[in-house]
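So this block is input-v3.cif, mmCIF, C-alpha atoms and all ligand atoms:
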data_my_file
#
loop_
_atom_site.label_atom_id
_atom_site.label_comp_id
_atom_site.auth_asym_id
_atom_site.auth_seq_id
_atom_site.Cartn_x
_atom_site.Cartn_y
_atom_site.Cartn_z
CA MET U 1 1.83 73.03 112.44
CA ILE U 2 0.89 74.62 109.13
CA ARG U 3 -2.80 74.60 108.12
CA GLN U 4 -3.89 75.74 104.68
CA PHE U 5 -7.49 76.61 103.79
CA ASN U 6 -8.92 77.43 100.37
CA ASN U 7 -12.00 79.56 99.57
CA VAL U 8 -12.24 80.75 103.15
CA ASP U 9 -15.28 82.60 104.49
CA LEU U 10 -13.82 85.75 106.06
CA ALA U 11 -16.94 86.83 107.98
CA PRO U 12 -15.86 85.13 111.24
CA ARG U 13 -12.30 86.39 110.74
CA ASN U 14 -13.01 90.14 110.64
CA SER U 15 -14.65 92.15 113.39
CA PHE U 16 -16.72 94.17 110.88
CA HIS U 17 -18.30 90.80 109.91
CA VAL U 18 -18.02 91.70 106.25
CA LYS U 19 -18.79 88.68 104.08
CA GLU U 20 -15.91 88.24 101.67
CA GLN U 21 -13.87 85.20 100.72
CA ALA U 22 -10.14 84.58 100.63
CA GLN U 23 -8.70 82.27 98.00
CA CYS U 24 -6.09 80.95 100.39
CA LEU U 25 -5.36 81.34 104.10
CA ILE U 26 -2.47 79.74 105.96
CA GLU U 27 -2.32 79.38 109.74
CA PHE U 28 0.95 78.53 111.44
CA ASP U 29 2.00 77.79 115.03
CA LYS U 30 5.79 78.06 115.09
CA ALA U 31 7.93 80.91 113.78
CA GLU U 32 10.32 78.55 111.95
CA GLU U 33 7.42 77.28 109.83
CA LEU U 34 7.40 80.60 107.99
CA ARG U 35 10.49 79.49 106.06
CA ALA U 36 8.57 76.62 104.44
CA ILE U 37 5.47 78.76 103.93
CA PHE U 38 7.35 81.47 102.05
CA LYS U 39 9.38 78.95 100.05
CA GLU U 40 6.09 77.51 98.81
CA LEU U 41 4.61 80.98 98.20
CA GLY U 42 7.49 82.07 95.98
CA ASP U 43 6.63 85.46 94.45
CA LYS U 44 2.93 85.33 95.30
CA GLU U 45 1.50 88.27 97.21
CA TRP U 46 0.61 87.83 100.87
CA TYR U 47 -0.84 89.74 103.81
CA VAL U 48 -0.88 89.03 107.55
CA LEU U 49 -4.40 88.57 108.89
CA SER U 50 -4.21 88.56 112.66
CA GLY U 51 -7.41 88.93 114.72
CA GLY U 52 -9.07 90.90 111.90
CA ASN U 53 -10.01 93.73 114.26
CA ASN U 54 -8.49 96.56 112.30
CA ILE U 55 -9.24 95.56 108.76
CA LEU U 56 -11.97 96.21 106.24
CA PHE U 57 -12.38 93.83 103.31
CA THR U 58 -13.85 95.54 100.26
CA LYS U 59 -13.58 92.64 97.82
CA GLY U 60 -12.64 88.98 97.52
CA VAL U 61 -9.08 88.52 98.71
CA GLU U 62 -6.70 87.13 96.09
CA VAL U 63 -3.48 87.51 98.06
CA THR U 64 -2.59 84.68 100.43
CA LEU U 65 -3.51 85.49 104.02
CA ILE U 66 -1.12 84.38 106.75
CA THR U 67 -2.36 84.01 110.32
CA PRO U 68 0.04 83.53 113.28
CA CYS U 69 -1.37 81.18 115.94
CA ASP U 70 1.38 80.92 118.56
CA THR U 71 -0.26 81.67 121.93
CA SER U 72 2.69 80.94 124.20
CA ILE U 73 3.80 83.12 127.13
CA GLU U 74 7.35 82.57 128.33
CA VAL U 75 9.09 84.38 131.17
CA VAL U 76 12.54 85.20 129.81
CA ALA U 77 13.99 87.31 132.63
CA GLU U 78 13.05 88.39 136.12
CA SER U 79 14.43 90.87 138.63
CA GLU U 80 13.14 92.26 141.91
CA GLU U 81 11.31 95.05 140.09
CA SER U 82 10.19 93.51 136.83
CA VAL U 83 9.44 90.50 134.69
CA ARG U 84 10.22 90.18 131.01
CA VAL U 85 7.98 87.92 128.95
CA LYS U 86 8.04 86.72 125.37
CA VAL U 87 4.55 86.29 123.97
CA GLY U 88 3.42 84.53 120.79
CA ALA U 89 1.83 86.80 118.16
CA GLY U 90 -1.35 84.69 118.12
CA LEU U 91 -2.38 85.21 121.74
CA GLU U 92 -5.53 87.30 122.30
CA TRP U 93 -4.38 90.65 123.65
CA ASP U 94 -6.85 90.66 126.50
CA ASP U 95 -5.71 87.17 127.60
CA LEU U 96 -2.24 88.67 128.09
CA VAL U 97 -3.73 91.54 130.11
CA GLU U 98 -5.58 89.05 132.33
CA TRP U 99 -2.41 86.93 132.69
CA SER U 100 -0.44 89.99 133.86
CA VAL U 101 -3.13 91.17 136.28
CA GLU U 102 -3.44 87.68 137.82
CA ARG U 103 0.31 87.73 138.51
CA ASN U 104 0.31 91.24 139.96
CA LEU U 105 2.35 92.63 137.09
CA TRP U 106 1.80 96.27 136.12
CA GLY U 107 1.93 97.89 132.71
CA ILE U 108 -0.93 96.92 130.41
CA GLU U 109 -3.98 96.95 132.71
CA ASN U 110 -5.22 100.19 131.09
CA LEU U 111 -5.21 98.34 127.76
CA SER U 112 -7.82 95.86 129.01
CA LEU U 113 -10.42 94.61 126.53
CA ILE U 114 -8.74 96.01 123.43
CA PRO U 115 -9.74 93.51 120.76
CA GLY U 116 -6.97 91.90 118.72
CA LYS U 117 -3.91 89.73 119.07
CA VAL U 118 -0.50 90.35 120.56
CA GLY U 119 1.27 90.46 117.18
CA ALA U 120 -0.87 93.41 116.10
CA ALA U 121 -0.13 95.44 119.23
CA PRO U 122 3.23 96.84 118.05
CA VAL U 123 2.02 97.46 114.49
CA GLN U 124 -0.28 100.28 115.40
CA ASN U 125 1.07 100.75 118.92
CA ILE U 126 -2.36 100.16 120.47
CA GLY U 127 -3.27 102.65 123.14
CA ALA U 128 -6.02 103.65 125.54
CA TYR U 129 -6.53 105.58 128.79
CA GLY U 130 -3.11 107.20 128.86
CA VAL U 131 -1.09 104.07 128.07
CA GLU U 132 0.40 102.75 124.84
CA ALA U 133 1.79 99.31 124.02
CA LYS U 134 5.21 100.90 123.42
CA ASP U 135 5.47 101.70 127.15
CA THR U 136 6.02 98.00 127.93
CA ILE U 137 7.25 96.55 124.62
CA ARG U 138 11.00 95.91 124.77
CA ALA U 139 11.53 93.98 121.53
CA VAL U 140 9.65 92.55 118.56
CA GLU U 141 10.65 89.30 116.85
CA MET U 142 9.83 88.79 113.20
CA TYR U 143 10.51 86.85 110.04
CA PHE U 144 12.11 89.06 107.39
CA VAL U 145 10.78 87.76 104.11
CA GLU U 146 13.42 89.12 101.68
CA GLY U 147 16.26 87.82 103.77
CA ASP U 148 14.54 84.54 104.75
CA ASN U 149 15.84 85.20 108.27
CA PHE U 150 14.57 86.02 111.75
CA ILE U 151 15.17 89.44 113.30
CA THR U 152 14.71 90.82 116.79
CA LEU U 153 14.12 94.56 116.74
CA ALA U 154 14.62 96.46 120.01
CA ALA U 155 11.76 98.84 120.85
CA GLU U 156 13.92 101.92 120.26
CA HIS U 157 14.21 100.89 116.61
CA CYS U 158 10.48 100.38 116.13
CA ALA U 159 9.75 104.11 115.54
CA PHE U 160 6.72 103.99 117.80
CA GLY U 161 4.39 106.98 117.72
CA TYR U 162 0.66 107.62 118.12
CA ARG U 163 -0.88 104.64 116.27
CA GLU U 164 2.40 104.41 114.36
CA SER U 165 5.45 102.20 114.03
CA VAL U 166 8.10 101.06 111.57
CA PHE U 167 5.75 98.14 110.78
CA LYS U 168 3.33 100.56 109.10
CA GLN U 169 6.19 102.31 107.30
CA SER U 170 9.45 100.87 105.98
CA LEU U 171 8.80 97.30 107.15
CA LYS U 172 5.23 97.20 105.85
CA GLY U 173 4.65 94.07 103.80
CA ARG U 174 8.18 92.81 104.47
CA VAL U 175 7.97 91.05 107.83
CA VAL U 176 5.71 88.71 109.78
CA ILE U 177 5.76 89.44 113.51
CA THR U 178 6.09 86.17 115.41
CA SER U 179 6.40 87.26 119.04
CA VAL U 180 6.67 90.35 121.23
CA GLU U 181 8.72 90.89 124.38
CA PHE U 182 7.24 92.97 127.17
CA GLU U 183 8.58 94.16 130.51
CA PHE U 184 6.01 94.33 133.27
CA SER U 185 6.62 95.99 136.63
CA LYS U 186 6.26 94.26 140.01
CA VAL U 187 6.14 97.73 141.54
CA PRO U 188 2.70 99.38 141.33
CA GLN U 189 2.53 102.01 138.58
CA PRO U 190 -1.11 103.09 138.38
CA LYS U 191 -2.04 105.45 135.52
CA LEU U 192 -5.33 107.04 136.47
CA ALA U 193 -5.20 110.50 134.92
CA TYR U 194 -7.35 109.84 131.82
CA GLY U 195 -11.04 110.77 131.86
CA ASP U 196 -13.22 108.80 134.28
CA VAL U 197 -10.58 106.21 135.22
CA SER U 198 -9.73 107.39 138.74
CA ARG U 199 -13.40 107.91 139.64
CA GLU U 200 -14.32 104.42 138.44
CA VAL U 201 -11.35 102.93 140.34
CA GLU U 202 -12.33 104.73 143.55
CA ALA U 203 -15.90 103.49 143.14
CA ARG U 204 -14.48 99.94 143.20
CA GLY U 205 -12.66 100.48 146.49
CA GLY U 206 -9.37 102.10 145.45
CA VAL U 207 -6.23 101.42 143.50
CA SER U 208 -5.41 97.80 142.67
CA LEU U 209 -4.58 96.07 139.42
CA ARG U 210 -7.90 94.22 139.48
CA ASN U 211 -9.90 97.38 140.18
CA ILE U 212 -8.16 99.26 137.37
CA ARG U 213 -8.79 96.40 134.93
CA ASP U 214 -12.45 96.18 135.98
CA ALA U 215 -12.89 99.95 135.73
CA ILE U 216 -11.39 100.10 132.23
CA CYS U 217 -13.53 97.16 131.09
CA GLU U 218 -16.62 98.90 132.43
CA ILE U 219 -15.78 102.23 130.72
CA ARG U 220 -15.12 100.47 127.41
CA ARG U 221 -18.29 98.38 127.62
CA SER U 222 -20.35 101.50 128.27
CA LYS U 223 -19.00 103.36 125.20
CA LEU U 224 -17.80 100.87 122.65
CA PRO U 225 -19.94 98.31 120.84
CA ASP U 226 -19.13 94.63 121.37
CA THR U 227 -17.84 93.25 118.07
CA ALA U 228 -19.57 89.93 118.81
CA VAL U 229 -22.92 91.73 118.67
CA LEU U 230 -22.35 94.64 116.28
CA GLY U 231 -19.66 94.51 113.58
CA ASN U 232 -17.06 97.26 113.99
CA ALA U 233 -13.31 97.82 114.09
CA GLY U 234 -13.02 100.06 117.14
CA SER U 235 -11.92 103.57 116.26
CA PHE U 236 -12.27 103.86 112.51
CA PHE U 237 -10.35 107.14 112.39
CA LYS U 238 -7.20 108.41 114.06
CA ASN U 239 -7.33 111.45 116.27
CA PRO U 240 -5.91 114.21 114.04
CA ILE U 241 -2.68 115.94 114.96
CA VAL U 242 -2.69 119.61 113.95
CA ASP U 243 -0.50 122.71 114.32
CA VAL U 244 -0.81 124.54 117.66
CA ALA U 245 -2.09 127.67 115.85
CA MET U 246 -4.99 125.74 114.33
CA ALA U 247 -5.75 123.96 117.61
CA GLU U 248 -5.81 127.28 119.49
CA ALA U 249 -8.06 128.93 116.92
CA LEU U 250 -10.55 126.08 117.20
CA LYS U 251 -10.35 126.10 120.99
CA GLU U 252 -11.29 129.77 120.97
CA GLU U 253 -14.35 129.04 118.89
CA TYR U 254 -15.22 125.82 120.80
CA PRO U 255 -13.91 126.20 124.37
CA GLU U 256 -15.28 122.77 125.35
CA MET U 257 -13.28 120.99 122.62
CA PRO U 258 -10.93 118.28 123.97
CA LEU U 259 -7.28 119.00 123.17
CA TYR U 260 -4.25 116.85 124.00
CA PRO U 261 -0.53 117.65 123.95
CA THR U 262 1.77 115.55 121.77
CA ALA U 263 5.48 114.70 122.00
CA HIS U 264 6.02 117.53 119.49
CA PRO U 265 5.69 121.04 121.05
CA ASP U 266 4.25 122.56 117.82
CA LYS U 267 1.51 119.96 117.46
CA MET U 268 -1.69 119.17 119.34
CA LYS U 269 -4.01 116.18 119.10
CA LEU U 270 -7.76 116.66 118.67
CA ALA U 271 -10.51 114.12 119.41
CA ALA U 272 -11.89 112.89 116.08
CA GLY U 273 -14.91 111.47 117.95
CA TRP U 274 -15.73 114.93 119.26
CA LEU U 275 -15.30 116.50 115.80
CA ILE U 276 -17.60 113.90 114.17
CA ASP U 277 -20.10 114.28 117.00
CA LYS U 278 -20.12 118.11 116.69
CA ALA U 279 -20.41 117.80 112.92
CA GLY U 280 -23.75 116.13 113.63
CA MET U 281 -22.84 112.63 112.47
CA LYS U 282 -23.08 110.70 115.75
CA GLY U 283 -25.80 108.05 115.43
CA TYR U 284 -26.15 108.72 111.67
CA ARG U 285 -27.30 105.62 109.84
CA LYS U 286 -27.11 104.85 106.15
CA GLY U 287 -28.62 101.48 105.22
CA ALA U 288 -26.66 98.69 106.87
CA VAL U 289 -23.93 100.95 108.25
CA GLY U 290 -23.77 103.83 110.69
CA VAL U 291 -21.81 106.02 113.07
CA HIS U 292 -22.08 104.50 116.54
CA GLU U 293 -24.48 106.31 118.84
CA ARG U 294 -22.22 106.35 121.91
CA GLN U 295 -18.78 106.83 120.31
CA ALA U 296 -18.71 108.69 117.00
CA LEU U 297 -15.23 107.39 116.17
CA VAL U 298 -16.65 103.93 115.62
CA LEU U 299 -18.41 102.91 112.39
CA VAL U 300 -20.71 99.91 112.70
CA ASN U 301 -22.20 97.22 110.50
CA TYR U 302 -25.84 96.68 111.52
CA GLY U 303 -25.81 93.48 109.47
CA GLY U 304 -25.18 92.60 105.84
CA ALA U 305 -22.99 95.60 105.00
CA THR U 306 -20.22 95.32 102.44
CA GLY U 307 -16.80 96.86 102.92
CA ASN U 308 -17.71 99.45 100.29
CA ASP U 309 -20.80 100.51 102.29
CA VAL U 310 -18.44 101.31 105.16
CA ILE U 311 -16.05 103.15 102.82
CA GLU U 312 -18.89 105.28 101.46
CA LEU U 313 -20.01 106.18 104.98
CA ALA U 314 -16.43 106.97 106.00
CA LYS U 315 -16.12 109.34 103.04
CA GLU U 316 -19.27 111.14 104.13
CA VAL U 317 -17.95 111.48 107.67
CA VAL U 318 -14.60 112.82 106.45
CA HIS U 319 -16.40 115.32 104.21
CA CYS U 320 -18.70 116.55 106.99
CA VAL U 321 -15.82 117.10 109.44
CA ASP U 322 -13.80 118.87 106.76
CA GLN U 323 -16.74 121.15 105.90
CA LYS U 324 -17.32 122.12 109.52
CA PHE U 325 -13.78 122.35 110.89
CA GLY U 326 -11.42 122.38 107.89
CA ILE U 327 -9.71 119.26 109.23
CA GLU U 328 -9.18 116.11 107.23
CA ILE U 329 -9.45 113.05 109.44
CA SER U 330 -7.95 109.81 108.21
CA PRO U 331 -8.77 106.15 108.85
CA GLU U 332 -6.72 103.98 111.16
CA VAL U 333 -8.34 100.84 109.80
CA ASN U 334 -6.53 98.97 107.01
CA VAL U 335 -8.50 98.54 103.81
CA LEU U 336 -7.90 95.44 101.69
N1 LIG P 401 -16.17 112.53 122.31
C1 LIG P 401 -17.36 113.15 121.97
N2 LIG P 401 -18.24 112.44 121.20
C2 LIG P 401 -18.00 111.18 120.77
C3 LIG P 401 -16.78 110.57 121.12
C4 LIG P 401 -15.87 111.26 121.88
O1 LIG P 401 -17.62 114.28 122.33
O2 LIG P 401 -18.85 110.62 120.09
C5 LIG P 401 -15.22 113.25 123.17
C6 LIG P 401 -15.18 112.62 124.57
O3 LIG P 401 -16.16 113.16 125.40
C7 LIG P 401 -13.79 112.96 125.04
C8 LIG P 401 -12.97 112.93 123.76
O4 LIG P 401 -13.90 113.09 122.67
O5 LIG P 401 -13.74 114.25 125.56
C9 LIG P 401 -12.19 111.66 123.59
O6 LIG P 401 -13.06 110.53 123.61
P1 LIG P 401 -12.64 109.12 124.24
O7 LIG P 401 -12.09 109.28 125.59
O8 LIG P 401 -13.79 108.20 124.06
O9 LIG P 401 -11.41 108.65 123.35
P2 LIG P 401 -11.08 108.81 121.82
O10 LIG P 401 -10.00 109.81 121.65
O11 LIG P 401 -12.32 109.01 121.04
C10 LIG P 401 -9.11 107.08 121.89
C11 LIG P 401 -8.71 105.83 121.18
C12 LIG P 401 -9.56 104.65 121.65
C13 LIG P 401 -9.36 104.50 123.15
C14 LIG P 401 -9.79 105.81 123.82
C15 LIG P 401 -9.57 105.82 125.31
C16 LIG P 401 -7.90 106.55 119.01
C17 LIG P 401 -8.14 106.57 117.54
N3 LIG P 401 -8.85 105.99 119.74
O12 LIG P 401 -10.45 107.36 121.49
O13 LIG P 401 -9.08 103.49 121.00
O14 LIG P 401 -10.10 103.43 123.66
O15 LIG P 401 -9.00 106.90 123.29
O16 LIG P 401 -8.24 106.00 125.61
O17 LIG P 401 -6.86 107.02 119.46
C18 LIG P 401 -9.40 102.02 119.16
O18 LIG P 401 -8.28 102.36 118.75
O19 LIG P 401 -10.07 101.16 118.54
C19 LIG P 401 -9.94 102.64 120.36
C20 LIG P 401 -11.17 102.38 120.77
#
Render the structure in this file as structure tokens.
Amino acid sequence: MIRQFNNVDLAPRNSFHVKEQAQCLIEFDKAEELRAIFKELGDKEWYVLSGGNNILFTKGVEVTLITPCDTSIEVVAESEESVRVKVGAGLEWDDLVEWSVERNLWGIENLSLIPGKVGAAPVQNIGAYGVEAKDTIRAVEMYFVEGDNFITLAAEHCAFGYRESVFKQSLKGRVVITSVEFEFSKVPQPKLAYGDVSREVEARGGVSLRNIRDAICEIRRSKLPDTAVLGNAGSFFKNPIVDVAMAEALKEEYPEMPLYPTAHPDKMKLAAGWLIDKAGMKGYRKGAVGVHERQALVLVNYGGATGNDVIELAKEVVHCVDQKFGIEISPEVNVL
């Protein structure tokens, strides 16, 4: 079914709880309905608003917002080792994680409690605790607006990288993701190497899917603010990727600085949260907005902030980190 709303209050539809309005928002359930929606839209501008967890509205929205609502989960193939499922773009990500854990299927348990919907997972290749969505995504189905046709893109053509994909590059603004295919393993594949994960799992009695999920939920709850209570969009910035020479020079000056390898041998990833923290900005508050006191990568709305208040704070944070370390961090949140 297609549902159209005019003059829509966006506050409940964005995790920053910024109060802006959209002139028009269209929800749809079935992929095929996109044909009629885009026929009606003609040349008008549009934007996909999924769970609103990675977006910052800075003004009233004049473009038409399109929200996928398909929450189906369909098993499309099964072998002795794995199960392949096709999942509607509108399903809450964490509902899929719970579904997989209940069925003893391995692959996304480390991505427990990430806010957002399934359709957004491939766009920025969501990741946490040593796992990324790309590890289990096998294909992405989408409506290609210019061609008025439906395309299935195999994962190897999605150009997945750290918080990156083809959907943020050449396909940006050209497709609407309608469903995602994942392959989950029936064979245990625990990933416990990141930070406190293995300790928290042991504390719960050892390795099991349920214990890993519970441990990850606990770690996230202890560090990250709950969007239902305090407006935020998770990590506001990406962890910067820098040349090895720069990373090594910094490491010499700050031996305790976290440093991660990347797929590229000449590049290393730094922890933006650590950089912001060391630049003295953790817990910094400016009017209605601030840098979260337990995780400096997260900017929060204490209530009543506008998108521009957040932008101004973000600029200050970027400036401070640049002054101290000579590194320019960049946002991972989309600004509209
Ligand atoms: N750190 C500090 N101070 C801070 C924050 C972090 O010193 O205020 C240090 C930590 O002690 C740790 C390192 O920085 O040594 C990394 O911190 P953490 O493990 O919390 O992870 P992160 O790199 O800050 C990334 C993701 C998170 C994800 C976590 C866990 C990005 C942009 N963020 O954060 O994703 O949950 O790893 O895997 O890659 C999100 O995207 O919204 C998100 C929360």
Which residues form the shell of 6 Å around ligand LIG 401 (chain P) when you count only C-alpha atoms and all ligand atoms, given as a CSV table (one decimal) with C-alpha atoms, keeping the file's coordinate frame?
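Final output, result-v1.csv:
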chain,number,residue,atom,x,y,z
U,128,ALA,CA,-6.0,103.6,125.5
U,129,TYR,CA,-6.5,105.6,128.8
U,234,GLY,CA,-13.0,100.1,117.1
U,235,SER,CA,-11.9,103.6,116.3
U,237,PHE,CA,-10.4,107.1,112.4
U,238,LYS,CA,-7.2,108.4,114.1
U,239,ASN,CA,-7.3,111.4,116.3
U,258,PRO,CA,-10.9,118.3,124.0
U,271,ALA,CA,-10.5,114.1,119.4
U,273,GLY,CA,-14.9,111.5,118.0
U,274,TRP,CA,-15.7,114.9,119.3
U,277,ASP,CA,-20.1,114.3,117.0
U,294,ARG,CA,-22.2,106.4,121.9
U,295,GLN,CA,-18.8,106.8,120.3
U,296,ALA,CA,-18.7,108.7,117.0
U,297,LEU,CA,-15.2,107.4,116.2
- Message: Rounded to one decimal, what separation in Å do you get between CA of Gly116 (chain U) and CA of Val176 (chain U)?
- Response: 15.8 Å
Go through region 160-263 of chain U residue by residue and, counting all atoms listed in the file, keep those with an atom at most 12 Å from region 50-67 of chain U; for each kept residue give the shortest atom pair and its distance in Å to one decimal, ordered by chain and increasing number, as a tab-separated table.
residue	atom	partner	partner_atom	distance
U:Arg163	CA	U:Asn54	CA	11.8
U:Gly173	CA	U:Ile66	CA	11.7
U:Val175	CA	U:Ile66	CA	11.3
U:Val176	CA	U:Ile66	CA	8.6
U:Ile177	CA	U:Ser50	CA	10.0
U:Thr178	CA	U:Thr67	CA	10.1
U:Asp226	CA	U:Asn53	CA	11.6
U:Thr227	CA	U:Asn53	CA	8.7
U:Ala228	CA	U:Asn53	CA	11.2
U:Gly231	CA	U:Asn53	CA	9.7
U:Asn232	CA	U:Asn53	CA	7.9
U:Ala233	CA	U:Asn53	CA	5.3
U:Gly234	CA	U:Asn54	CA	7.5
U:Ser235	CA	U:Asn54	CA	8.8
U:Phe236	CA	U:Asn54	CA	8.2
U:Phe237	CA	U:Asn54	CA	10.7
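The coordinates place CA of Met268 (chain U) at 24.2 Å from CA of Lys223 (chain U).
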- Query: Can you list, as number ranges by chain, every protein, DNA or RNA residue that comes within 10 Å of region 310-316 of chain U when you count only C-alpha atoms, leaving out same-chain residues fewer than 4 positions away?
  - Reply: U: 16, 18, 56-58, 232, 236-237, 281, 284-291, 299-301, 305-306, 320-322, 329-331, 335
- Counting all atoms listed in the file, what is within 10 Å of Lys324 (chain U), bar same-chain residues fewer than 2 positions away, as number ranges by chain? U: 275-276, 278-280, 319-322, 326-327
- Task: Rank nothing, just name the residue among U:Val242, U:Ile108, U:Ile126, U:Val131 nearest to Ala193 (chain U), using all atoms listed in the file.
- Result: U:Val131
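Distance-wise, CA of Ala215 (chain U) and CA of Val97 (chain U) end up 13.6 Å apart.
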- Have a look at U:Ile2, U:Leu25, U:Ile114, U:Val180 and name the one nearest to Lys134 (chain U); count all atoms listed in the file. U:Val180
- Message: Which residue is closest to Glu33 (chain U)? Choose from U:Leu111, U:Val201, U:Leu171, U:Cys69 and count all atoms listed in the file.
- Response: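 So, comparing all the options, the nearest one is U:Cys69.
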- Task: May I have the protein, DNA and RNA residues with any atom at most 10 Å from the point (-4.6, 86.5, 118.5), counting all atoms listed in the file, written as a ChimeraX atom specification?
- Result: /U:49-53,67-71,88-95,115-120
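Between Val75 (chain U) and the residues U:Leu224, U:Leu250, U:Leu105, U:Val87, the shortest atom-to-atom distance, using all atoms listed in the file, involves U:Val87.
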- Message: Between U:Arg221, U:Lys168, U:Arg174, U:Lys191, which residue has the minimum interatomic distance to Asn334 (chain U), considering only C-alpha atoms?
- Response: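 The shortest atom-to-atom distance to Asn334 (chain U) comes from U:Lys168.
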- Message: Using all atoms listed in the file, can you tell me which of U:Tyr47, U:Phe144, U:Phe184, U:Tyr194 comes closest to Arg84 (chain U)?
- Response: U:Phe184
- Item | Residue neighbourhood Ala203 (chain U), 12 Å, all atoms listed in the file, exclusion window fewer than 4 positions, as number ranges by chain | U: 196-199, 207-208, 211-212, 214-215, 218
Selected residues, C-alpha atoms, written as a PDB file, in the frame of the given file, please.
ATOM      1  CA  ASP U 196     -13.220 108.800 134.280  1.00  0.00           C
ATOM      2  CA  VAL U 197     -10.580 106.210 135.220  1.00  0.00           C
ATOM      3  CA  SER U 198      -9.730 107.390 138.740  1.00  0.00           C
ATOM      4  CA  ARG U 199     -13.400 107.910 139.640  1.00  0.00           C
ATOM      5  CA  VAL U 207      -6.230 101.420 143.500  1.00  0.00           C
ATOM      6  CA  SER U 208      -5.410  97.800 142.670  1.00  0.00           C
ATOM      7  CA  ASN U 211      -9.900  97.380 140.180  1.00  0.00           C
ATOM      8  CA  ILE U 212      -8.160  99.260 137.370  1.00  0.00           C
ATOM      9  CA  ASP U 214     -12.450  96.180 135.980  1.00  0.00           C
ATOM     10  CA  ALA U 215     -12.890  99.950 135.730  1.00  0.00           C
ATOM     11  CA  GLU U 218     -16.620  98.900 132.430  1.00  0.00           C
TER      12      GLU U 218
END
